[in-house]
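Peer 1: Here's a structure for you.
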Amino acid sequence: MANCSCNHRSMMDIVWGCMSTIFLCTWSSVHMNIPAPNEESWKILWRRLKTMYWTLVAPELVMFFAFRQWKGANTLLKRHKEPDREWTIKHAHFLQMGGFQYRDSHRTTVLYPKQFLGLLKNGEIAFPKISAEDIADKSKANGLSKIILVAQVFWFVTQCIARLVQGVTLAQLDVTTLAIISCTFILSIIWWHKPFNVRQPVFLEKSSIENMEHKEYISQVLADEHNKASHENDHSPDNINDAETDSSMSKLLFKIPASISTDNALIVGSPVIINEVVLGLVHCIAWDSDFPSTVEKTLWRISSIFTAAVPLLNAALGSFGIMCEDLAGSVYREDRQHMCLKIGTFVALGAFVIGLTFYVVARLYLLLEAFLSLRALPPSVFETVGWTNLIPYI
């Protein structure tokens, strides 16, 4: 290994620079929902760390739910937007993440989007008067943390670009970090208007109407939601699911919530497809890099291609399945309808499972090889960028 000097970087410089950048990106890109009342701090931190883990190893899954939340927030924006109300996309996200809660003398209840709409329509709660600025004040994403993140990412990316321009070798860990930066950047854009790390909700006031009929209505609605929550292992607002969605997929991501929108799978999955293609293409930067062995280099190339190509293949298979359904609908004979549907389902599902298996193996290999390759890095990896060659006047 080359000695640490002003013209060289050490192994510790490489590992620390990459790992600190990965941590900052995953920490800042994950926008969790509001924790349950009286939830312990260590549980809140544990949920965040688990979500960060999935952002690292399976960013496409987190992005899928993030995009559904974005779609759901836009649905809520249109649903409650009126000229005499201050209701923005930030308010919509705040509602969806469990920000509005109802509290009486008996209990505190998180208001689900449909529950919120029902109580609002019947006059049992007043429309929230919190401003977008007040919601932003609840967010923990202050200016200093954003400046540190932007500075770290900008410096890391700039150095990588400069190394490529000068023909200085990038470590495989450098390339993997670039790929993670690209994923978390897309994720941050999707969650741009969702408040970050909010701990305290807004408690809505009861309407001035206090007759017995309205009291019974409130009690029934809250009791229904209480009974629904009692069957769950966790009462956290991260379990928010409107009746228009199913919650099975969200549990795979440690209760990352689904949104209230149910759109065409190809439309909802489009950011995921883009993310996966970008992920694979970024790993191709190390196509001609030096590896500890020829086998590892070949596997890296194959894995990069699979990461970029499989999402496109799955999108094509999804379109094929839709086409088979349309074709079956145009066939009059019932036996032929079933045949078209069976063929389309078998081909699409079978190829999807096979492609997904190869994709998962490829992703795991790229992550593993990024660290395994540190055992035999070429000397050029330890060279630093000659900034005077890029900017002659420095």
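Following the order of the structure tokens, first chain is A, next is B, and so on, with residues numbered from 1 inside each chain and ligands from 1 in the order they appear.
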Tell me which protein, DNA and RNA residues are within 9 Å of Leu187 in chain A, counting only C-alpha atoms, leaving out same-chain ones fewer than 2 positions away, and put them as a PyMOL selection string.
Peer 2: chain A and resi 29-30+59+62-63+66-67+182-185+189-192
Peer 1: Within 9 Å of Thr26 in chain A, counting only C-alpha atoms, which residues qualify if same-chain residues fewer than 5 places away don't, as a VMD selection string?
Peer 2: chain A and resid 21 51 to 53 55 to 56 180 to 181 184
Peer 1: Would you write out those residues with C-alpha atoms, as a PDB file, in the first residue's frame?
Peer 2:
ATOM      1  CA  THR A  21     -20.944   9.619   2.498  1.00  0.00           C
ATOM      2  CA  THR A  51     -35.122   1.528   6.810  1.00  0.00           C
ATOM      3  CA  MET A  52     -31.632   2.857   6.087  1.00  0.00           C
ATOM      4  CA  TYR A  53     -30.477  -0.747   5.717  1.00  0.00           C
ATOM      5  CA  THR A  55     -32.321   1.820   1.373  1.00  0.00           C
ATOM      6  CA  LEU A  56     -28.784   0.502   1.057  1.00  0.00           C
ATOM      7  CA  ILE A 180     -25.899   4.838  -3.690  1.00  0.00           C
ATOM      8  CA  ILE A 181     -25.660   8.627  -4.050  1.00  0.00           C
ATOM      9  CA  THR A 184     -30.693   8.484  -2.522  1.00  0.00           C
TER      10      THR A 184
END
Peer 1: Could you tell me how far CA of Thr384 in chain A lies from CA of Met19 in chain A, in Å and to one decimal?
Peer 2: 18.2 Å
Peer 1: Enumerate as a list in words all residues of range 25-156 of chain A assigned to strand (DSSP E or B) by DSSP on the backbone, naming them with the chain letters and numbers the document uses.
Peer 2: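 Filtering range 25-156 of chain A down to strand (DSSP E or B) leaves Phe100, Gln101, Tyr102, Arg103, Thr108, Thr109, Val110 and Ile125 of chain A.
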